[in-house]
>>> print(open('entry-v7.cif').read())   # mmCIF, C-alpha atoms and all ligand atoms
data_run
loop_
_atom_site.label_atom_id
_atom_site.label_comp_id
_atom_site.auth_asym_id
_atom_site.auth_seq_id
_atom_site.Cartn_x
_atom_site.Cartn_y
_atom_site.Cartn_z
CA MET X 344 5.32 32.58 -1.94
CA ASN X 345 4.02 34.59 -4.86
CA ALA X 346 1.92 32.26 -6.99
CA PRO X 347 1.65 32.74 -10.72
CA PRO X 348 -1.81 33.83 -11.92
CA ASN X 349 -4.26 30.99 -12.65
CA ALA X 350 -3.91 30.86 -16.39
CA ALA X 351 -0.12 30.80 -16.19
CA ARG X 352 -0.29 28.11 -13.53
CA ASP X 353 -2.52 25.85 -15.62
CA ASP X 354 -0.27 26.37 -18.60
CA MET X 355 2.81 25.52 -16.57
CA ILE X 356 1.48 22.29 -15.07
CA LEU X 357 -0.28 21.08 -18.19
CA ALA X 358 2.53 22.04 -20.56
CA ARG X 359 5.04 20.21 -18.38
CA GLU X 360 2.88 17.08 -18.52
CA ARG X 361 2.38 17.37 -22.27
CA LEU X 362 6.13 17.47 -22.63
CA LEU X 363 7.01 14.62 -20.26
CA LEU X 364 4.06 12.22 -20.20
CA ALA X 365 2.96 9.72 -22.82
CA PRO X 366 -0.50 10.09 -24.37
CA TYR X 367 -1.71 7.00 -22.44
CA ALA X 368 -0.72 8.57 -19.09
CA MET X 369 -3.39 10.19 -16.90
CA HIS X 370 -2.92 13.88 -17.62
CA SER X 371 -3.99 16.37 -14.95
CA ALA X 372 -5.95 18.26 -17.61
CA ASP X 373 -8.27 15.25 -17.98
CA THR X 374 -9.03 14.62 -14.31
CA ALA X 375 -12.68 14.01 -13.47
CA GLY X 376 -12.21 16.28 -10.46
CA ARG X 377 -13.32 15.78 -6.86
CA LYS X 378 -16.59 14.82 -5.22
CA HIS X 379 -16.71 18.23 -3.54
CA PRO X 380 -15.53 20.66 -6.24
CA GLU X 381 -12.62 22.86 -5.24
CA PRO X 382 -10.86 25.66 -7.10
CA PRO X 383 -7.50 24.66 -8.58
CA HIS X 384 -4.44 25.25 -6.42
CA PRO X 385 -2.18 28.15 -7.41
CA TYR X 386 0.91 26.05 -8.07
CA ARG X 387 0.20 22.35 -7.45
CA GLY X 388 -1.47 19.97 -9.86
CA PRO X 389 -4.44 17.88 -8.67
CA PHE X 390 -2.53 14.64 -8.07
CA GLN X 391 0.36 16.41 -6.40
CA ARG X 392 -2.23 17.84 -4.03
CA ASP X 393 -3.69 14.37 -3.42
CA ARG X 394 -0.23 13.07 -2.56
CA ASP X 395 0.27 15.91 -0.08
CA ARG X 396 -3.15 15.32 1.54
CA ILE X 397 -2.33 11.66 2.04
CA VAL X 398 1.08 12.42 3.56
CA HIS X 399 -0.53 14.86 6.02
CA SER X 400 -3.29 12.46 7.11
CA ALA X 401 -3.37 10.76 10.50
CA ALA X 402 -3.90 7.36 8.87
CA TYR X 403 -0.63 7.79 6.98
CA ARG X 404 1.36 8.69 10.11
CA ARG X 405 -0.09 5.69 11.94
CA LEU X 406 1.44 3.36 9.34
CA SER X 407 4.74 3.91 11.17
CA SER X 408 3.45 1.85 14.11
CA LYS X 409 1.67 -0.84 12.14
CA MET X 410 3.40 -4.09 11.33
CA GLN X 411 4.03 -5.33 7.81
CA VAL X 412 4.79 -8.98 8.62
CA PHE X 413 6.80 -8.74 11.85
CA THR X 414 6.01 -6.78 15.02
CA GLY X 415 8.14 -4.15 16.71
CA GLU X 416 8.90 -6.60 19.51
CA MET X 417 10.74 -8.92 17.14
CA GLY X 418 13.50 -6.43 16.25
CA ASP X 419 14.16 -3.07 14.64
CA TYR X 420 15.60 -3.92 11.22
CA HIS X 421 12.46 -5.04 9.44
CA ARG X 422 9.83 -3.07 7.55
CA THR X 423 6.85 -1.36 9.09
CA ARG X 424 3.75 -0.62 7.05
CA LEU X 425 5.13 2.89 6.50
CA THR X 426 8.58 1.93 5.26
CA HIS X 427 6.99 -0.73 3.02
CA THR X 428 4.76 2.04 1.64
CA HIS X 429 7.83 4.20 0.89
CA GLU X 430 9.54 1.30 -0.86
CA VAL X 431 6.46 0.69 -2.98
CA ALA X 432 6.30 4.41 -3.84
CA SER X 433 9.99 4.40 -4.73
CA VAL X 434 9.72 1.43 -7.11
CA ALA X 435 6.42 2.70 -8.52
CA ARG X 436 7.85 6.16 -9.27
CA THR X 437 10.82 4.57 -11.05
CA LEU X 438 8.45 2.50 -13.20
CA GLY X 439 6.10 5.45 -13.73
CA ARG X 440 8.87 7.75 -14.89
CA ALA X 441 10.44 5.17 -17.19
CA LEU X 442 7.02 4.49 -18.76
CA LYS X 443 6.21 8.23 -18.97
CA LEU X 444 3.20 7.97 -16.69
CA ASN X 445 1.94 10.61 -14.26
CA GLU X 446 4.37 10.29 -11.34
CA ASP X 447 2.27 12.45 -9.02
CA LEU X 448 -0.68 10.11 -9.46
CA VAL X 449 1.56 7.05 -9.12
CA GLU X 450 2.93 8.40 -5.86
CA ALA X 451 -0.49 9.33 -4.47
CA LEU X 452 -1.79 5.83 -5.22
CA ALA X 453 1.29 4.15 -3.75
CA LEU X 454 1.23 6.18 -0.54
CA ALA X 455 -2.48 5.40 -0.11
CA HIS X 456 -2.36 1.72 -1.05
CA ASP X 457 -1.99 0.30 2.51
CA LEU X 458 -3.68 3.10 4.50
CA GLY X 459 -6.55 0.84 5.54
CA HIS X 460 -4.52 -1.80 7.34
CA PRO X 461 -5.72 -2.36 10.92
CA PRO X 462 -3.26 -3.13 13.73
CA PHE X 463 -1.37 -6.43 13.28
CA GLY X 464 -1.65 -6.59 9.51
CA HIS X 465 -3.52 -9.47 7.93
CA ALA X 466 -4.02 -11.11 11.35
CA GLY X 467 -5.90 -8.00 12.47
CA GLU X 468 -7.78 -7.84 9.20
CA ASP X 469 -9.01 -11.44 9.55
CA ALA X 470 -10.07 -10.85 13.18
CA LEU X 471 -12.07 -7.72 12.28
CA ASP X 472 -13.56 -9.52 9.31
CA GLU X 473 -14.89 -12.18 11.71
CA CYS X 474 -16.17 -9.58 14.19
CA LEU X 475 -18.01 -7.74 11.40
CA ALA X 476 -19.23 -10.84 9.53
CA ASP X 477 -22.89 -9.76 9.92
CA GLU X 478 -22.13 -6.20 8.85
CA GLY X 479 -20.48 -7.01 5.52
CA GLY X 480 -17.04 -7.94 6.87
CA PHE X 481 -13.79 -5.98 6.87
CA SER X 482 -11.17 -5.55 4.16
CA HIS X 483 -8.16 -3.26 4.43
CA ASN X 484 -8.62 -2.09 0.86
CA ARG X 485 -12.22 -1.09 1.47
CA HIS X 486 -11.27 0.50 4.77
CA ALA X 487 -8.71 2.70 3.01
CA LEU X 488 -11.59 4.18 1.03
CA ARG X 489 -13.63 4.74 4.22
CA LEU X 490 -10.65 6.58 5.70
CA VAL X 491 -10.06 8.93 2.79
CA GLU X 492 -13.76 9.46 2.03
CA GLU X 493 -15.22 9.75 5.55
CA LEU X 494 -13.10 9.10 8.61
CA GLU X 495 -10.22 11.52 8.09
CA ARG X 496 -11.32 14.96 9.26
CA ARG X 497 -8.89 17.61 8.05
CA TYR X 498 -11.05 20.20 6.34
CA PRO X 499 -14.11 22.09 7.53
CA GLU X 500 -15.85 21.91 4.14
CA PHE X 501 -16.06 18.14 3.69
CA PRO X 502 -15.39 14.80 5.38
CA GLY X 503 -12.37 12.80 4.26
CA LEU X 504 -9.58 14.11 2.08
CA ASN X 505 -11.70 14.83 -1.01
CA LEU X 506 -9.12 13.15 -3.25
CA SER X 507 -9.32 13.19 -7.04
CA LEU X 508 -11.73 10.63 -8.44
CA GLU X 509 -8.81 8.89 -10.22
CA VAL X 510 -7.15 8.14 -6.86
CA LEU X 511 -10.42 6.82 -5.40
CA GLU X 512 -11.00 4.71 -8.51
CA GLY X 513 -7.47 3.28 -8.29
CA GLN X 514 -8.03 2.28 -4.66
CA ALA X 515 -11.50 0.89 -5.47
CA THR X 516 -10.06 -1.50 -8.06
CA ARG X 517 -7.87 -2.96 -5.29
CA VAL X 518 -11.05 -3.90 -3.39
CA ASP X 519 -12.47 -6.03 -6.15
CA LYS X 520 -10.06 -6.90 -8.95
CA SER X 521 -12.70 -8.93 -10.78
CA ALA X 522 -14.73 -5.72 -11.22
CA ALA X 523 -11.83 -4.30 -13.22
CA THR X 524 -12.34 -6.43 -16.34
CA ALA X 525 -14.53 -4.09 -18.40
CA ARG X 526 -12.60 -1.02 -17.36
CA ARG X 527 -9.04 -1.65 -16.26
CA PRO X 528 -7.35 0.48 -13.65
CA LEU X 529 -5.30 3.37 -15.04
CA LEU X 530 -1.73 2.40 -15.92
CA GLU X 531 -0.60 4.44 -12.90
CA ALA X 532 -2.65 2.11 -10.64
CA GLN X 533 -1.38 -1.01 -12.42
CA VAL X 534 2.19 0.17 -11.82
CA VAL X 535 1.51 0.47 -8.08
CA GLU X 536 0.18 -3.11 -7.99
CA ALA X 537 3.34 -4.34 -9.69
CA ALA X 538 5.59 -2.28 -7.41
CA ASP X 539 3.83 -3.64 -4.30
CA SER X 540 4.63 -7.16 -5.46
CA VAL X 541 8.28 -6.30 -6.22
CA ALA X 542 8.63 -4.72 -2.77
CA TYR X 543 7.07 -7.40 -0.59
CA ASP X 544 8.56 -10.37 -2.43
CA THR X 545 12.03 -8.91 -1.93
CA HIS X 546 11.73 -7.39 1.50
CA ASP X 547 9.76 -10.05 3.36
CA ALA X 548 12.60 -12.47 2.54
CA ASP X 549 15.21 -9.89 3.65
CA ASP X 550 13.38 -9.28 6.94
CA ALA X 551 12.96 -13.01 7.59
CA LEU X 552 16.70 -13.56 7.02
CA GLU X 553 17.62 -10.77 9.39
CA LEU X 554 15.27 -12.13 12.07
CA GLY X 555 16.82 -15.57 11.69
CA LEU X 556 13.59 -17.24 10.52
CA LEU X 557 15.44 -18.36 7.37
CA SER X 558 19.04 -18.98 6.37
CA LEU X 559 20.66 -17.63 3.23
CA PRO X 560 21.44 -21.11 1.82
CA GLU X 561 17.73 -22.00 2.16
CA LEU X 562 16.72 -18.93 0.20
CA LEU X 563 19.43 -19.50 -2.41
CA ALA X 564 17.81 -22.87 -3.10
CA VAL X 565 14.66 -21.03 -4.25
CA PRO X 566 14.97 -20.58 -8.05
CA LEU X 567 14.40 -16.79 -8.09
CA TRP X 568 17.12 -16.19 -5.50
CA CYS X 569 19.38 -18.78 -7.15
CA GLU X 570 19.15 -16.99 -10.49
CA ALA X 571 19.70 -13.57 -8.89
CA ALA X 572 22.79 -14.92 -7.07
CA LYS X 573 24.16 -16.23 -10.39
CA ARG X 574 23.73 -12.78 -11.94
CA VAL X 575 25.50 -11.23 -8.96
CA GLY X 576 28.29 -13.83 -9.21
CA VAL X 577 29.11 -12.65 -12.73
CA ARG X 578 29.94 -9.19 -11.36
CA TYR X 579 31.62 -10.06 -8.03
CA ALA X 580 34.14 -12.79 -7.31
CA ALA X 581 33.99 -13.44 -3.57
CA LEU X 582 31.39 -11.92 -1.29
CA SER X 583 30.73 -12.47 2.38
CA GLU X 584 27.28 -13.82 3.23
CA LYS X 585 26.03 -10.34 4.21
CA GLU X 586 27.42 -8.76 1.04
CA LEU X 587 25.91 -11.50 -1.08
CA LYS X 588 22.50 -11.00 0.55
CA ARG X 589 22.56 -7.26 -0.09
CA ALA X 590 23.73 -7.70 -3.67
CA VAL X 591 21.00 -10.26 -4.34
CA LEU X 592 18.35 -7.91 -2.90
CA HIS X 593 19.49 -5.10 -5.21
CA GLU X 594 19.57 -7.49 -8.12
CA LEU X 595 16.06 -8.75 -7.38
CA ILE X 596 14.57 -5.26 -7.42
CA ASP X 597 16.57 -4.14 -10.43
CA TRP X 598 15.77 -7.31 -12.35
CA GLN X 599 12.03 -7.14 -11.66
CA ALA X 600 11.81 -3.39 -12.35
CA GLY X 601 13.91 -3.73 -15.53
CA ASP X 602 11.75 -6.62 -16.72
CA LEU X 603 8.58 -4.56 -16.18
CA VAL X 604 9.97 -1.48 -17.93
CA ALA X 605 11.12 -3.53 -20.94
CA ARG X 606 8.02 -5.67 -21.25
CA VAL X 607 5.41 -3.03 -20.52
CA GLY X 608 7.33 -0.43 -22.53
CA ALA X 609 7.30 -2.71 -25.57
CA ARG X 610 3.58 -3.42 -25.16
CA LEU X 611 2.79 0.27 -24.86
CA ALA X 612 4.94 1.06 -27.90
CA GLU X 613 3.01 -1.38 -30.08
CA GLY X 614 -0.36 -0.68 -28.43
CA ASP X 615 -1.02 2.66 -30.08
CA LEU X 616 -2.94 3.99 -27.07
CA ALA X 617 -3.91 7.61 -27.62
CA SER X 618 -5.27 8.35 -24.16
CA ALA X 619 -5.63 7.12 -20.58
CA ASP X 620 -9.13 5.98 -21.54
CA ASP X 621 -7.68 3.78 -24.30
CA ALA X 622 -5.44 2.22 -21.65
CA ARG X 623 -8.49 1.54 -19.47
CA ARG X 624 -10.12 -0.38 -22.32
CA ALA X 625 -6.98 -2.39 -23.18
CA ALA X 626 -5.87 -5.66 -21.57
CA TRP X 627 -4.06 -5.55 -18.20
CA LEU X 628 -0.73 -4.23 -19.44
CA VAL X 629 1.57 -3.94 -16.43
CA GLU X 630 2.75 -7.44 -15.61
CA ALA X 631 6.07 -9.23 -15.44
CA SER X 632 7.28 -11.68 -18.11
CA PRO X 633 5.78 -15.18 -17.73
CA ALA X 634 9.12 -16.72 -16.64
CA LEU X 635 9.51 -14.15 -13.88
CA VAL X 636 5.87 -14.50 -12.82
CA GLU X 637 6.50 -18.21 -12.30
CA LEU X 638 9.72 -17.61 -10.35
CA LYS X 639 7.92 -15.09 -8.13
CA ARG X 640 5.08 -17.54 -7.55
CA GLU X 641 7.56 -20.17 -6.33
CA LEU X 642 9.14 -17.66 -3.97
CA GLU X 643 5.71 -16.68 -2.62
CA VAL X 644 4.84 -20.32 -1.91
CA PHE X 645 8.17 -20.67 -0.09
CA LEU X 646 7.56 -17.47 1.91
CA ARG X 647 4.05 -18.57 2.80
CA ASP X 648 5.20 -21.93 4.13
CA ARG X 649 8.42 -20.80 5.79
CA VAL X 650 7.81 -17.21 6.87
CA TYR X 651 4.13 -16.29 7.06
CA ARG X 652 3.44 -19.62 8.80
CA HIS X 653 6.54 -19.59 10.96
CA PRO X 654 5.65 -20.50 14.60
CA ASN X 655 6.86 -17.08 15.84
CA VAL X 656 4.67 -15.29 13.29
CA LEU X 657 1.69 -17.54 14.02
CA ARG X 658 2.04 -16.92 17.76
CA VAL X 659 1.89 -13.15 17.22
CA ARG X 660 -1.08 -13.73 14.94
CA ARG X 661 -2.99 -15.76 17.55
CA ASP X 662 -2.29 -13.29 20.36
CA ALA X 663 -3.25 -10.29 18.24
CA GLN X 664 -6.49 -11.88 17.08
CA ALA X 665 -7.52 -12.91 20.60
CA MET X 666 -6.82 -9.36 21.80
CA LEU X 667 -8.81 -7.72 18.99
CA HIS X 668 -11.78 -10.08 19.51
CA GLU X 669 -11.81 -9.19 23.21
CA MET X 670 -11.52 -5.48 22.50
CA PHE X 671 -14.28 -5.62 19.91
CA ALA X 672 -16.63 -7.35 22.36
CA GLY X 673 -15.55 -4.96 25.13
CA TYR X 674 -16.29 -1.77 23.18
CA ALA X 675 -19.56 -3.24 21.83
CA LEU X 676 -20.67 -3.82 25.46
CA ARG X 677 -19.39 -0.45 26.66
CA PRO X 678 -19.88 2.09 23.83
CA ASP X 679 -19.24 4.82 26.40
CA LEU X 680 -15.55 3.87 26.13
CA LEU X 681 -15.47 4.98 22.46
CA PRO X 682 -14.02 8.40 21.66
CA ALA X 683 -16.68 11.01 20.83
CA SER X 684 -15.90 10.98 17.10
CA PHE X 685 -16.69 7.25 16.86
CA ALA X 686 -19.57 7.30 19.37
CA GLY X 687 -21.07 10.05 17.21
CA ARG X 688 -21.07 7.77 14.16
CA VAL X 689 -22.97 4.91 15.84
CA GLU X 690 -26.34 6.22 14.73
CA LYS X 691 -25.17 6.51 11.12
CA VAL X 692 -23.18 3.28 10.64
CA GLY X 693 -24.22 1.09 13.60
CA LEU X 694 -22.37 0.29 16.81
CA ARG X 695 -20.42 -2.69 15.52
CA ARG X 696 -19.14 -0.91 12.41
CA SER X 697 -18.12 2.10 14.44
CA VAL X 698 -16.24 -0.14 16.89
CA GLY X 699 -14.56 -1.80 13.89
CA ASP X 700 -13.58 1.59 12.43
CA TYR X 701 -12.09 2.66 15.76
CA LEU X 702 -10.11 -0.54 16.19
CA ALA X 703 -8.95 -0.49 12.56
CA GLY X 704 -7.44 2.96 13.01
CA MET X 705 -5.30 1.93 15.97
CA THR X 706 -1.59 1.31 15.68
CA ASP X 707 -0.23 -1.98 17.06
CA ARG X 708 1.17 -0.14 20.05
CA TYR X 709 -1.97 1.84 20.83
CA ALA X 710 -4.15 -1.28 20.57
CA GLN X 711 -1.91 -3.06 23.10
CA GLN X 712 -1.92 -0.03 25.39
CA GLU X 713 -5.71 0.35 25.31
CA TYR X 714 -6.17 -3.38 25.78
CA ARG X 715 -4.05 -3.29 28.94
CA ARG X 716 -5.72 -0.12 30.19
CA LEU X 717 -9.36 -1.09 29.62
CA PHE X 718 -9.71 -4.83 29.23
CA THR X 719 -7.03 -6.44 31.40
CA PRO X 720 -8.21 -7.07 34.94
MG MG B 1 1.45 -3.20 0.21
#
>>> encode(input="entry-v7.cif", output="structure tokens", more="lines below")
Ligand code: MG
Amino acid sequence: MNAPPNAARDDMILARERLLLAPYAMHSADTAGRKHPEPPHPYRGPFQRDRDRIVHSAAYRRLSSKMQVFTGEMGDYHRTRLTHTHEVASVARTLGRALKLNEDLVEALALAHDLGHPPFGHAGEDALDECLADEGGFSHNRHALRLVEELERRYPEFPGLNLSLEVLEGQATRVDKSAATARRPLLEAQVVEAADSVAYDTHDADDALELGLLSLPELLAVPLWCEAAKRVGVRYAALSEKELKRAVLHELIDWQAGDLVARVGARLAEGDLASADDARRAAWLVEASPALVELKRELEVFLRDRVYRHPNVLRVRRDAQAMLHEMFAGYALRPDLLPASFAGRVEKVGLRRSVGDYLAGMTDRYAQQEYRRLFTP
């Protein structure tokens, strides 16, 4: 492809953003750049390039075989970590465009937001956190940063993906939200947080219904679902149970996204924010209306009690944690079993951390396969 000359390219990308983005959006022209400076790309803006680097990373591909809440053995309807990520990116882009934010940055942040999940989701995270208690613990949000800053090896010039500092900063605020009080995350990062919540509140309930862990009447007794069903009832007279479920799911996403666009849009309109830096100094702006926040909280309590603590889910959790503990101890005793890339990092980060990094990168399936191959008599 014949690329336009540099000056024309910059003009094209920056002029497009000036036309389409609000002043409080993160404009590509104002990026703080990358840790390892690189020349601009002939026809892609910096955040578009970040998005592409994330999509082409191994950690991103592995999300397809990592569980969200339910494992592959339970069925094939429910979300994986990858499809959840796409749903978050989809909702986040909708919000970002409606609020005139930088969609490329929104998408890069959304696609990266769950990269650091180990096998078996939060069960795996808790197990690794216990294994690494003396080494500072394990958190999937922090691990995502380790992946994109060190562990991914795609380019000869530098370790990691060398993402824009705005993407790294957005991910860093997920690690420690309390650190984000003096300087809030960019609005693009706040939108991804909100979209994550819209996605998992809606889809975990859908998946649990489909797996038979819940019944529709039980969910319709939860106020958020009850209200959504009422709204659906105004439009449709008689729906089968399946049709009603699907209509309520659409309504839940549309309602939450519409509420965010209206509420945040109004705040931004009266906020008089002249730049992305102004937005960083303002209050946390991207949040649902108080009534909806309360309804979502009630649903989350219900999901915690009825889904995340369902005996079938707890059994998977126990098995996965026992397996990861055994594997961690096994590799720590036999570092010669580690692949060269992780064995080579032992001197730099310590044996236990390197074992943790290796295990964290595994998909659910690969962890089970390696467990059977190496640690099952
Ligand atoms: Mg998520």
>>> residues_around(input="entry-v7.cif", residues="stretch 490-492 of chain X", least_positions_apart="3", cutoff="6 Å", atoms="all atoms listed in the file", output="PyMOL selection string")
chain X and resi 487+495+503-504
>>> residues_near_ligand(input="entry-v7.cif", ligand="ligand MG 1 (chain B)", cutoff="10 Å", atoms="only C-alpha atoms and all ligand atoms", output="PyMOL selection string")
chain X and resi 411+424-425+427-432+453-458+460+535-536+538-543
>>> closest_residue(input="entry-v7.cif", among="X:Ala375, X:Val449, X:Met670, X:Ala365", to="X:Gln391", atoms="only C-alpha atoms")
X:Val449
>>> residues_around(input="entry-v7.cif", residues="X:Glu473", least_positions_apart="6", cutoff="12 Å", atoms="all atoms listed in the file", output="list in words")
Ala466, Gly467, Gly479, Gly480, Phe481, Ser482, Gln664, Ala665, Leu667, His668, Phe671, Ala672, Arg695 and Gly699 of chain X
>>> closest_residue(input="entry-v7.cif", among="X:Met369, X:Val650, X:Ala612, X:Leu676", to="X:Gly555", atoms="all atoms listed in the file")
X:Val650
>>> closest_residue(input="entry-v7.cif", among="X:Arg696, X:Arg517, X:Lys691, X:Glu630", to="X:Leu603", atoms="all atoms listed in the file")
X:Glu630
>>> closest_residue(input="entry-v7.cif", among="X:Leu680, X:Ala617, X:Leu552, X:Ala609", to="X:Leu364", atoms="only C-alpha atoms")
X:Ala617
>>> residues_near_point(input="entry-v7.cif", point="(-4.7, -2.1, 24.3)", cutoff="12 Å", atoms="all atoms listed in the file", output="list in words")
Pro462, Ala663, Ala665, Met666, Leu667, His668, Glu669, Met670, Phe671, Gly673, Tyr674, Leu702, Met705, Thr706, Asp707, Arg708, Tyr709, Ala710, Gln711, Gln712, Glu713, Tyr714, Arg715, Arg716, Leu717, Phe718 and Thr719 of chain X
>>> residues_around(input="entry-v7.cif", residues="X:Pro678", least_positions_apart="5", cutoff="10 Å", atoms="only C-alpha atoms", output="list of chain:residue names")
X:Gly673, X:Ala683, X:Phe685, X:Ala686, X:Val689, X:Leu694, X:Arg695, X:Ser697, X:Val698
>>> closest_residue(input="entry-v7.cif", among="X:Ala600, X:Leu506, X:Ala564, X:Leu559", to="X:Ala451", atoms="all atoms listed in the file")
X:Leu506
>>> residues_around(input="entry-v7.cif", residues="X:Ala368", least_positions_apart="4", cutoff="8 Å", atoms="only C-alpha atoms", output="short mmCIF file (atom, residue, chain, number, x, y, z; two decimals) with C-alpha atoms, in the coordinates of the input")
data_model
loop_
_atom_site.label_atom_id
_atom_site.label_comp_id
_atom_site.auth_asym_id
_atom_site.auth_seq_id
_atom_site.Cartn_x
_atom_site.Cartn_y
_atom_site.Cartn_z
CA LEU X 364 4.06 12.22 -20.20
CA LYS X 443 6.21 8.23 -18.97
CA LEU X 444 3.20 7.97 -16.69
CA ASN X 445 1.94 10.61 -14.26
CA LEU X 530 -1.73 2.40 -15.92
CA GLU X 531 -0.60 4.44 -12.90
CA SER X 618 -5.27 8.35 -24.16
CA ALA X 619 -5.63 7.12 -20.58
#
>>> closest_residue(input="entry-v7.cif", among="X:Leu554, X:Leu611, X:Val575, X:Leu563", to="X:Asp419", atoms="all atoms listed in the file")
X:Leu554
>>> atom_distance(input="entry-v7.cif", atom1="atom CA of X:Ala703", atom2="atom CA of X:Gly459")
7.5 Å
>>> atom_distance(input="entry-v7.cif", atom1="atom CA of X:Ala515", atom2="atom CA of X:Arg485")
7.3 Å
>>> decode(input="entry-v7.cif", residues="stretch 691-711 of chain X", atoms="N, CA and C atoms", output="JSON list (two decimals), in the first residue's frame")
[["chain", "number", "residue", "atom", "x", "y", "z"],
["X", 691, "LYS", "N", 16.62, -13.08, 37.10],
["X", 691, "LYS", "CA", 16.14, -11.70, 37.18],
["X", 691, "LYS", "C", 14.98, -11.54, 38.18],
["X", 692, "VAL", "N", 14.00, -12.43, 38.14],
["X", 692, "VAL", "CA", 12.78, -12.21, 38.94],
["X", 692, "VAL", "C", 12.61, -13.24, 40.05],
["X", 693, "GLY", "N", 13.49, -14.24, 40.14],
["X", 693, "GLY", "CA", 13.35, -15.28, 41.16],
["X", 693, "GLY", "C", 12.58, -16.47, 40.61],
["X", 694, "LEU", "N", 12.86, -17.63, 41.19],
["X", 694, "LEU", "CA", 12.25, -18.87, 40.68],
["X", 694, "LEU", "C", 10.73, -18.84, 40.85],
["X", 695, "ARG", "N", 10.27, -18.45, 42.04],
["X", 695, "ARG", "CA", 8.83, -18.55, 42.30],
["X", 695, "ARG", "C", 8.03, -17.60, 41.39],
["X", 696, "ARG", "N", 8.54, -16.40, 41.19],
["X", 696, "ARG", "CA", 7.82, -15.46, 40.31],
["X", 696, "ARG", "C", 7.81, -15.98, 38.88],
["X", 697, "SER", "N", 8.92, -16.56, 38.46],
["X", 697, "SER", "CA", 8.96, -17.05, 37.09],
["X", 697, "SER", "C", 8.00, -18.24, 36.90],
["X", 698, "VAL", "N", 7.92, -19.09, 37.93],
["X", 698, "VAL", "CA", 6.94, -20.19, 37.87],
["X", 698, "VAL", "C", 5.53, -19.61, 37.80],
["X", 699, "GLY", "N", 5.27, -18.58, 38.62],
["X", 699, "GLY", "CA", 3.95, -17.93, 38.61],
["X", 699, "GLY", "C", 3.64, -17.33, 37.25],
["X", 700, "ASP", "N", 4.62, -16.67, 36.63],
["X", 700, "ASP", "CA", 4.41, -16.07, 35.30],
["X", 700, "ASP", "C", 4.08, -17.15, 34.27],
["X", 701, "TYR", "N", 4.79, -18.27, 34.37],
["X", 701, "TYR", "CA", 4.55, -19.36, 33.41],
["X", 701, "TYR", "C", 3.14, -19.91, 33.58],
["X", 702, "LEU", "N", 2.79, -20.21, 34.83],
["X", 702, "LEU", "CA", 1.45, -20.75, 35.09],
["X", 702, "LEU", "C", 0.36, -19.76, 34.68],
["X", 703, "ALA", "N", 0.58, -18.47, 34.97],
["X", 703, "ALA", "CA", -0.44, -17.46, 34.68],
["X", 703, "ALA", "C", -0.72, -17.36, 33.18],
["X", 704, "GLY", "N", 0.29, -17.63, 32.37],
["X", 704, "GLY", "CA", 0.10, -17.53, 30.92],
["X", 704, "GLY", "C", -0.67, -18.69, 30.34],
["X", 705, "MET", "N", -0.79, -19.79, 31.07],
["X", 705, "MET", "CA", -1.42, -20.99, 30.51],
["X", 705, "MET", "C", -2.93, -20.80, 30.30],
["X", 706, "THR", "N", -3.45, -21.44, 29.26],
["X", 706, "THR", "CA", -4.90, -21.53, 29.13],
["X", 706, "THR", "C", -5.39, -22.63, 30.08],
["X", 707, "ASP", "N", -6.70, -22.67, 30.30],
["X", 707, "ASP", "CA", -7.27, -23.73, 31.16],
["X", 707, "ASP", "C", -6.87, -25.10, 30.62],
["X", 708, "ARG", "N", -7.03, -25.24, 29.29],
["X", 708, "ARG", "CA", -6.78, -26.53, 28.66],
["X", 708, "ARG", "C", -5.31, -26.94, 28.78],
["X", 709, "TYR", "N", -4.42, -25.99, 28.51],
["X", 709, "TYR", "CA", -3.00, -26.31, 28.55],
["X", 709, "TYR", "C", -2.56, -26.65, 29.98],
["X", 710, "ALA", "N", -3.10, -25.95, 30.96],
["X", 710, "ALA", "CA", -2.76, -26.24, 32.36],
["X", 710, "ALA", "C", -3.16, -27.68, 32.69],
["X", 711, "GLN", "N", -4.38, -28.06, 32.28],
["X", 711, "GLN", "CA", -4.84, -29.43, 32.56],
["X", 711, "GLN", "C", -3.97, -30.46, 31.84]]
